[in-house]
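Structure file start-v1.cif (mmCIF, C-alpha atoms and all ligand atoms) follows.
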data_structure
#
loop_
_atom_site.label_atom_id
_atom_site.label_comp_id
_atom_site.auth_asym_id
_atom_site.auth_seq_id
_atom_site.Cartn_x
_atom_site.Cartn_y
_atom_site.Cartn_z
CA MET A 182 152.74 -31.61 -52.46
CA ARG A 183 152.88 -27.84 -52.08
CA LYS A 184 151.13 -26.96 -48.83
CA LYS A 185 150.09 -23.77 -47.11
CA ILE A 186 151.97 -23.75 -43.83
CA VAL A 187 152.21 -21.50 -40.78
CA ALA A 188 154.92 -22.48 -38.29
CA GLY A 189 155.56 -20.77 -34.96
CA ASN A 190 159.13 -20.57 -33.72
CA TRP A 191 158.95 -19.81 -30.01
CA LYS A 192 162.75 -19.59 -29.71
CA MET A 193 163.92 -19.44 -26.06
CA ASN A 194 160.72 -17.91 -24.66
CA LYS A 195 158.11 -18.87 -22.05
CA VAL A 196 158.53 -20.53 -18.66
CA PHE A 197 156.54 -23.72 -18.14
CA GLN A 198 153.28 -22.17 -16.92
CA ASP A 199 153.20 -19.61 -19.75
CA ALA A 200 154.01 -22.27 -22.33
CA GLU A 201 151.18 -24.41 -20.96
CA GLU A 202 148.75 -21.49 -21.18
CA LEU A 203 149.72 -20.66 -24.75
CA LEU A 204 149.42 -24.29 -25.86
CA TYR A 205 145.99 -24.57 -24.20
CA ASP A 206 144.83 -21.35 -25.87
CA LEU A 207 146.08 -22.52 -29.26
CA SER A 208 144.45 -25.94 -28.97
CA GLU A 209 141.20 -24.37 -27.89
CA GLN A 210 141.10 -21.79 -30.68
CA ILE A 211 142.07 -24.31 -33.33
CA GLU A 212 139.59 -26.87 -31.94
CA ASP A 213 136.85 -24.21 -32.03
CA GLY A 214 137.28 -24.18 -35.79
CA GLN A 215 139.13 -20.90 -35.93
CA LYS A 216 141.66 -22.41 -38.29
CA SER A 217 141.16 -23.22 -41.94
CA SER A 218 141.64 -26.94 -42.60
CA LYS A 219 143.67 -26.05 -45.71
CA VAL A 220 146.57 -24.78 -43.60
CA GLU A 221 149.15 -26.97 -41.88
CA VAL A 222 149.91 -25.39 -38.51
CA ILE A 223 153.19 -26.21 -36.78
CA VAL A 224 154.28 -25.20 -33.29
CA CYS A 225 158.00 -25.29 -32.45
CA PRO A 226 158.42 -24.80 -28.68
CA PRO A 227 161.64 -25.33 -26.71
CA CYS A 228 162.39 -29.07 -26.55
CA LEU A 229 161.64 -29.21 -22.83
CA TYR A 230 157.94 -28.63 -23.61
CA MET A 231 157.72 -31.11 -26.46
CA GLU A 232 155.73 -33.74 -24.61
CA MET A 233 153.19 -31.19 -23.41
CA ALA A 234 152.92 -29.72 -26.93
CA LEU A 235 152.40 -33.17 -28.41
CA ASP A 236 149.66 -33.93 -25.84
CA LEU A 237 147.88 -30.65 -26.54
CA SER A 238 148.28 -31.02 -30.31
CA ARG A 239 145.47 -33.61 -30.20
CA ASN A 240 141.92 -33.13 -28.98
CA GLU A 241 139.95 -35.53 -26.79
CA GLU A 242 138.93 -37.56 -29.85
CA ASP A 243 142.64 -37.89 -30.64
CA GLU A 244 142.31 -35.72 -33.75
CA ARG A 245 145.44 -33.81 -34.70
CA LEU A 246 145.05 -30.04 -34.29
CA PHE A 247 148.59 -29.01 -35.21
CA GLY A 248 152.00 -30.49 -35.89
CA VAL A 249 154.87 -30.14 -33.45
CA GLY A 250 158.42 -29.21 -34.47
CA ALA A 251 161.82 -28.79 -32.81
CA GLN A 252 163.99 -25.70 -33.26
CA ASP A 253 167.22 -27.59 -33.90
CA VAL A 254 168.71 -31.09 -34.00
CA SER A 255 172.15 -32.62 -33.64
CA GLU A 256 174.14 -33.32 -36.77
CA HIS A 257 175.17 -36.62 -35.10
CA ALA A 258 173.00 -39.73 -34.96
CA GLN A 259 173.71 -40.57 -31.30
CA GLY A 260 176.42 -40.79 -28.64
CA ALA A 261 178.58 -38.63 -26.40
CA TYR A 262 177.33 -35.17 -27.40
CA THR A 263 176.28 -33.59 -24.12
CA GLY A 264 173.26 -31.36 -24.39
CA GLU A 265 172.33 -32.42 -27.90
CA ILE A 266 169.07 -33.92 -29.13
CA SER A 267 169.06 -36.42 -31.97
CA ALA A 268 166.68 -36.85 -34.88
CA ASP A 269 165.64 -40.33 -33.72
CA MET A 270 164.76 -38.91 -30.27
CA LEU A 271 162.48 -36.39 -31.97
CA SER A 272 160.86 -38.95 -34.21
CA SER A 273 160.42 -41.46 -31.38
CA MET A 274 158.33 -38.83 -29.53
CA GLY A 275 156.15 -38.05 -32.54
CA VAL A 276 157.79 -34.76 -33.46
CA GLU A 277 157.08 -34.24 -37.17
CA TYR A 278 159.14 -31.16 -38.06
CA CYS A 279 162.43 -29.49 -37.22
CA ILE A 280 163.81 -26.05 -38.05
CA VAL A 281 167.39 -26.18 -39.37
CA GLY A 282 169.91 -23.44 -40.11
CA HIS A 283 168.03 -20.60 -38.45
CA SER A 284 170.09 -17.41 -38.77
CA GLU A 285 170.39 -17.23 -34.96
CA ARG A 286 172.04 -20.66 -34.96
CA ARG A 287 174.28 -19.65 -37.85
CA LYS A 288 175.25 -16.41 -36.08
CA TYR A 289 175.55 -17.39 -32.39
CA PHE A 290 176.56 -21.04 -32.77
CA GLY A 291 178.57 -20.83 -35.98
CA GLU A 292 176.36 -23.27 -37.84
CA THR A 293 177.61 -23.80 -41.40
CA ASP A 294 175.87 -24.90 -44.58
CA GLU A 295 177.73 -28.22 -44.28
CA GLN A 296 176.26 -28.76 -40.80
CA VAL A 297 172.85 -27.81 -42.12
CA ALA A 298 173.24 -30.53 -44.76
CA ARG A 299 174.18 -33.12 -42.11
CA LYS A 300 171.26 -32.13 -39.87
CA VAL A 301 168.85 -32.38 -42.79
CA GLU A 302 170.27 -35.81 -43.59
CA ARG A 303 169.75 -37.01 -39.98
CA LEU A 304 166.15 -35.72 -40.02
CA LEU A 305 165.31 -37.32 -43.36
CA GLU A 306 166.67 -40.65 -42.09
CA GLU A 307 164.14 -40.43 -39.26
CA ASP A 308 161.21 -39.12 -41.30
CA VAL A 309 161.19 -35.75 -39.59
CA THR A 310 160.46 -32.91 -42.03
CA PRO A 311 163.23 -30.26 -42.10
CA ILE A 312 162.25 -26.59 -42.34
CA VAL A 313 165.49 -25.13 -43.66
CA CYS A 314 166.14 -21.42 -43.20
CA VAL A 315 168.10 -19.30 -45.66
CA GLY A 316 168.45 -15.53 -45.85
CA GLU A 317 170.80 -12.61 -46.21
CA SER A 318 172.06 -9.90 -43.87
CA LEU A 319 171.37 -6.22 -44.54
CA GLU A 320 175.00 -5.84 -45.60
CA ASP A 321 174.65 -8.61 -48.18
CA ARG A 322 171.45 -7.08 -49.54
CA GLU A 323 172.90 -3.60 -49.74
CA ALA A 324 175.95 -4.95 -51.55
CA GLY A 325 173.64 -6.76 -54.00
CA ARG A 326 175.00 -10.17 -52.95
CA HIS A 327 171.75 -11.61 -51.63
CA PHE A 328 170.84 -13.78 -54.63
CA ASP A 329 174.32 -15.33 -54.76
CA LEU A 330 174.31 -15.95 -51.03
CA ILE A 331 170.89 -17.56 -51.01
CA ARG A 332 171.80 -19.71 -54.01
CA SER A 333 174.91 -20.86 -52.19
CA GLN A 334 172.97 -21.65 -48.95
CA VAL A 335 170.41 -23.68 -50.90
CA GLU A 336 173.02 -25.50 -53.00
CA LYS A 337 175.40 -26.33 -50.14
CA GLY A 338 172.71 -27.21 -47.61
CA LEU A 339 170.22 -29.03 -49.81
CA PHE A 340 171.55 -30.13 -53.16
CA GLY A 341 173.39 -33.23 -51.93
CA PHE A 342 170.09 -35.09 -51.67
CA LYS A 343 168.34 -37.37 -54.11
CA GLN A 344 165.13 -35.97 -55.55
CA LEU A 345 163.19 -38.56 -53.56
CA ASP A 346 164.48 -37.00 -50.33
CA PHE A 347 164.59 -33.36 -51.42
CA VAL A 348 160.82 -33.35 -51.98
CA LYS A 349 160.28 -33.80 -48.22
CA ILE A 350 162.04 -30.52 -47.38
CA ILE A 351 160.41 -27.15 -46.62
CA ILE A 352 162.44 -23.96 -47.18
CA ALA A 353 161.98 -20.74 -45.19
CA TYR A 354 163.29 -17.47 -46.60
CA GLU A 355 164.21 -15.33 -43.61
CA PRO A 356 166.05 -12.10 -44.38
CA ILE A 357 168.17 -11.53 -41.27
CA TRP A 358 167.46 -7.79 -41.34
CA ALA A 359 163.76 -8.56 -40.89
CA ILE A 360 163.99 -11.06 -38.02
CA GLY A 361 162.77 -9.60 -34.74
CA THR A 362 163.36 -6.07 -36.03
CA GLY A 363 159.81 -5.07 -36.96
CA LYS A 364 161.18 -4.33 -40.45
CA THR A 365 159.29 -6.75 -42.70
CA ALA A 366 160.31 -7.48 -46.29
CA THR A 367 157.80 -5.95 -48.68
CA PRO A 368 155.52 -8.48 -50.39
CA GLU A 369 157.43 -7.71 -53.61
CA GLN A 370 160.83 -8.36 -52.00
CA ALA A 371 159.57 -11.64 -50.54
CA GLN A 372 158.01 -12.72 -53.85
CA GLU A 373 161.21 -11.89 -55.74
CA VAL A 374 163.40 -14.07 -53.52
CA HIS A 375 160.86 -16.90 -53.25
CA ALA A 376 160.57 -17.04 -57.05
CA PHE A 377 164.38 -17.05 -57.24
CA ILE A 378 164.63 -19.98 -54.79
CA ARG A 379 162.04 -21.90 -56.80
CA LYS A 380 164.05 -21.24 -59.97
CA VAL A 381 167.29 -22.46 -58.34
CA VAL A 382 165.49 -25.62 -57.22
CA GLU A 383 164.01 -26.09 -60.68
CA GLU A 384 167.47 -25.97 -62.29
CA LYS A 385 168.58 -28.85 -60.11
CA TYR A 386 165.47 -31.00 -59.54
CA GLY A 387 163.09 -29.95 -62.33
CA LYS A 388 159.81 -28.09 -62.70
CA GLU A 389 157.57 -30.55 -60.88
CA VAL A 390 159.70 -30.63 -57.72
CA ALA A 391 160.05 -26.83 -57.73
CA ARG A 392 156.32 -26.35 -58.19
CA ASN A 393 155.54 -28.61 -55.24
CA LEU A 394 158.07 -27.05 -52.87
CA SER A 395 156.62 -25.04 -49.96
CA ILE A 396 158.59 -21.85 -49.34
CA LEU A 397 157.74 -19.92 -46.16
CA TYR A 398 158.52 -16.29 -45.43
CA GLY A 399 159.91 -15.32 -42.02
CA GLY A 400 160.90 -11.95 -40.58
CA SER A 401 158.53 -9.72 -38.59
CA CYS A 402 155.51 -11.36 -40.20
CA ASN A 403 152.52 -10.49 -38.01
CA ALA A 404 148.74 -10.39 -37.80
CA LYS A 405 148.66 -7.15 -39.81
CA ASN A 406 150.98 -7.94 -42.72
CA ALA A 407 150.56 -11.72 -43.16
CA ALA A 408 147.66 -11.54 -45.64
CA GLU A 409 149.58 -9.37 -48.08
CA LEU A 410 152.68 -11.55 -47.87
CA PHE A 411 150.72 -14.81 -48.21
CA ALA A 412 148.91 -13.43 -51.27
CA GLN A 413 152.15 -13.58 -53.28
CA ASP A 414 152.34 -16.43 -55.80
CA ASP A 415 155.48 -18.01 -54.40
CA VAL A 416 154.87 -17.39 -50.69
CA ASP A 417 153.33 -20.54 -49.25
CA GLY A 418 153.06 -19.39 -45.66
CA GLY A 419 155.21 -18.15 -42.84
CA LEU A 420 157.73 -19.01 -40.17
CA ILE A 421 156.64 -16.77 -37.34
CA GLY A 422 158.76 -15.74 -34.34
CA GLY A 423 157.46 -13.01 -32.03
CA ALA A 424 153.87 -13.11 -33.27
CA SER A 425 153.61 -16.85 -32.53
CA LEU A 426 153.84 -16.13 -28.80
CA LYS A 427 150.24 -14.86 -28.59
CA ALA A 428 147.51 -17.34 -29.54
CA GLU A 429 145.22 -14.68 -30.97
CA ASP A 430 147.88 -13.20 -33.26
CA PHE A 431 149.08 -16.61 -34.36
CA VAL A 432 145.54 -17.73 -35.22
CA THR A 433 144.95 -14.49 -37.16
CA ILE A 434 148.10 -15.25 -39.16
CA ILE A 435 146.92 -18.82 -39.78
CA ASN A 436 143.68 -17.41 -41.19
CA SER A 437 145.41 -14.87 -43.40
CA PHE A 438 145.34 -17.00 -46.55
CA LYS A 439 142.79 -15.92 -49.16
C1 LIG B 1 162.20 -16.19 -36.79
O1 LIG B 1 163.07 -16.03 -35.94
O2 LIG B 1 162.10 -17.27 -37.39
C2 LIG B 1 161.32 -15.07 -37.06
C3 LIG B 1 160.71 -15.01 -38.21
O3 LIG B 1 161.20 -14.11 -36.06
P1 LIG B 1 160.24 -12.82 -36.05
O4 LIG B 1 158.92 -13.25 -36.63
O5 LIG B 1 160.14 -12.44 -34.61
O6 LIG B 1 160.90 -11.80 -36.89
#

How does this structure look as structure tokens?
Amino acid sequence: MRKKIVAGNWKMNKVFQDAEELLYDLSEQIEDGQKSSKVEVIVCPPCLYMEMALDLSRNEEDERLFGVGAQDVSEHAQGAYTGEISADMLSSMGVEYCIVGHSERRKYFGETDEQVARKVERLLEEDVTPIVCVGESLEDREAGRHFDLIRSQVEKGLFGFKQLDFVKIIIAYEPIWAIGTGKTATPEQAQEVHAFIRKVVEEKYGKEVARNLSILYGGSCNAKNAAELFAQDDVDGGLIGGASLKAEDFVTIINSFK
């Protein structure tokens, strides 16, 4: 079912004590009812802090305050892959979500659409929900190639799955030129690409699947501009980088849905 979602991608930020403080602040503010129950909140800290995040994602009555996600996963199921973390490790800890194909992984670690597809497959096998990132560079946009590129990322990364599996996936549209730059896509630009992604999905999996797909916007989304972005018909929430590192800002973003 199409959900409103706000996910925080901490990236490689926060030493242990700062991570602990942020998680405490988030739990407290969400527990105090500062979050609408209609929004699924997801926190994606570095894997080292997963256990702490999972502990603090539940209150004393063991009610779930937010979901916890990883920032990446191995494309392999298990074995001699030093430094990697597998989908079954994540699921065995209670991690519910995992970001895949973030532009920083594509750029700095050479991640390809084919690897994205394998990672998504591993996650689906373990019932971890993939949040799959697609998005164009400034160069691609200026050359008018962005629709073709996004279509290709979606098709290569996600169209090898049966409908039954595809429906578990969340897509995040993250224009690379907007990530960490303070240069947000306009609500109209975001809406245009989100509607395009939904159309591409509809061509392959049909109207019902496309209608139920959650598509998040990411790229300098913050406490000031979230409401306008989230008000767009095809924007179902956000994947938030920098602004997820302050509890107050993140909670303001969570409460930005009309
Ligand atoms: C991200 O990296 O997923 C992201 C959206 O970053 P920022 O919000 O900092 O642009």

Self-check item: Interatomic distance, CA of Arg245 in chain A to CA of Glu355 in chain A (Å, one decimal)
Solution: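 These two atoms are separated by 27.8 Å.
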
With only C-alpha atoms and all ligand atoms counted and 6 Å as the cut-off, give the residues of chain A in contact with ligand LIG 1 (chain B), each with its shortest interatomic distance in Å and the pair that gives it, as JSON lines.
{"residue": "A:Asn190", "atom": "CA", "partner": "B:LIG1", "partner_atom": "O2", "distance": 5.8}
{"residue": "A:Ala359", "atom": "CA", "partner": "B:LIG1", "partner_atom": "O6", "distance": 5.9}
{"residue": "A:Ile360", "atom": "CA", "partner": "B:LIG1", "partner_atom": "O6", "distance": 3.4}
{"residue": "A:Gly361", "atom": "CA", "partner": "B:LIG1", "partner_atom": "O6", "distance": 3.6}
{"residue": "A:Gly399", "atom": "CA", "partner": "B:LIG1", "partner_atom": "C3", "distance": 3.9}
{"residue": "A:Gly400", "atom": "CA", "partner": "B:LIG1", "partner_atom": "O6", "distance": 3.7}
{"residue": "A:Ser401", "atom": "CA", "partner": "B:LIG1", "partner_atom": "O6", "distance": 3.6}
{"residue": "A:Cys402", "atom": "CA", "partner": "B:LIG1", "partner_atom": "O4", "distance": 5.3}
{"residue": "A:Leu420", "atom": "CA", "partner": "B:LIG1", "partner_atom": "C3", "distance": 5.4}
{"residue": "A:Ile421", "atom": "CA", "partner": "B:LIG1", "partner_atom": "O4", "distance": 4.3}
{"residue": "A:Gly422", "atom": "CA", "partner": "B:LIG1", "partner_atom": "O4", "distance": 3.4}
{"residue": "A:Gly423", "atom": "CA", "partner": "B:LIG1", "partner_atom": "O5", "distance": 3.8}

Exercise. Find the distance between CA of Pro356 in chain A and CA of Val416 in chain A and write it in Å to one decimal.
Key: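 Value for the CA of Pro356 in chain A-CA of Val416 in chain A distance: 13.9 Å.
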
Quiz prompt | Within 12 Å of Met270 in chain A using only C-alpha atoms, minus same-chain residues under 5 positions, as number ranges by chain | solution = A: 228, 231-232, 251, 254-255, 257-260, 265, 275-277, 279, 303-304, 307-309

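Candidate residues A:Cys225, A:Leu271, A:Leu237, A:Arg287 were compared for distance to Val249 in chain A, and the nearest is A:Cys225, using only C-alpha atoms.
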
Quiz item: Which residue out of A:Gly341, A:Gly250, A:Gly387, A:Gly316 has the minimum interatomic distance to Glu302 in chain A when only C-alpha atoms are used?
Solution: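 Among the listed residues, the smallest separation from Glu302 in chain A belongs to A:Gly341.
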
Practice problem: For range 289-300 of chain A, list every protein, DNA or RNA residue within 10 Å, evaluated using all atoms listed in the file, and leave out those in the same chain fewer than 5 positions away; present the list as a PyMOL selection string. | Solution: chain A and resi 253-258+267-268+279-284+305-306+311+313-315+333-342

Exercise. Pick out the residues sitting within 10 Å of Ser437 in chain A, and hand them over as a list in words; count only C-alpha atoms, and ignore anything fewer than 4 positions along from it in its own chain.
Key: Val187, Lys216, Ser217, Val220, Asn403, Ala404, Lys405, Asn406, Ala407, Ala408, Glu409, Leu410, Phe411, Ala412, Gly418, Phe431, Val432 and Thr433 of chain A

Quiz item: Pick from A:Ile350, A:Ile357, A:Val374, A:Val222: nearest to Asn393 in chain A, with all atoms listed in the file counted?
Solution: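 Of all the options, A:Ile350 lies closest to Asn393 in chain A.
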
Self-check item: Shell around Arg183 in chain A at 8 Å using all atoms listed in the file, local window under 3 positions removed, as a list in words
Solution: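 Counting only the stated atoms, we get Arg392, Asn393, Leu394, Ser395 and Asp417 of chain A.
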
Quiz item: For the atom pair CA of Val348 in chain A and CA of Lys380 in chain A, what is the interatomic distance in Å to one decimal place?
Solution: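 So the two atoms, CA of Val348 in chain A and CA of Lys380 in chain A, lie 14.9 Å apart.
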
Self-check item: Of the listed residues A:Val381, A:Gln372, A:Leu397, A:Tyr262, that which approaches Ile351 in chain A most closely, counting only C-alpha atoms
Solution: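 Among the listed residues, the smallest separation from Ile351 in chain A belongs to A:Leu397.
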
Quiz item: Any idea what's packed within 8 Å of Ser238 in chain A, counting only C-alpha atoms, ignoring anything in its chain fewer than 3 positions away? Could you give it as a list in words?
Solution: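 The neighbour list is Ser208, Ala234, Leu235, Arg245, Leu246, Phe247, Gly248 and Val249 of chain A.
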
Self-check item: Pick from A:Glu369, A:Glu201, A:Glu383, A:Glu323, whichever lies nearest to Leu229 in chain A using all atoms listed in the file
Solution: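 Closest candidate: A:Glu201.
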
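Shortest atom-to-atom contact with Val224 in chain A among A:Lys184, A:Glu202, A:Gln252, A:Glu242: A:Gln252, counting only C-alpha atoms.
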
As lines of an AutoDock Vina configuration file, what would the box around range 242-256 of chain A look like: edges along x, y and z, 6 Å added on every side, centre and edge lengths in Å to one decimal?
center_x = 156.5
center_y = -31.8
center_z = -33.3
size_x = 47.2
size_y = 24.2
size_z = 18.9
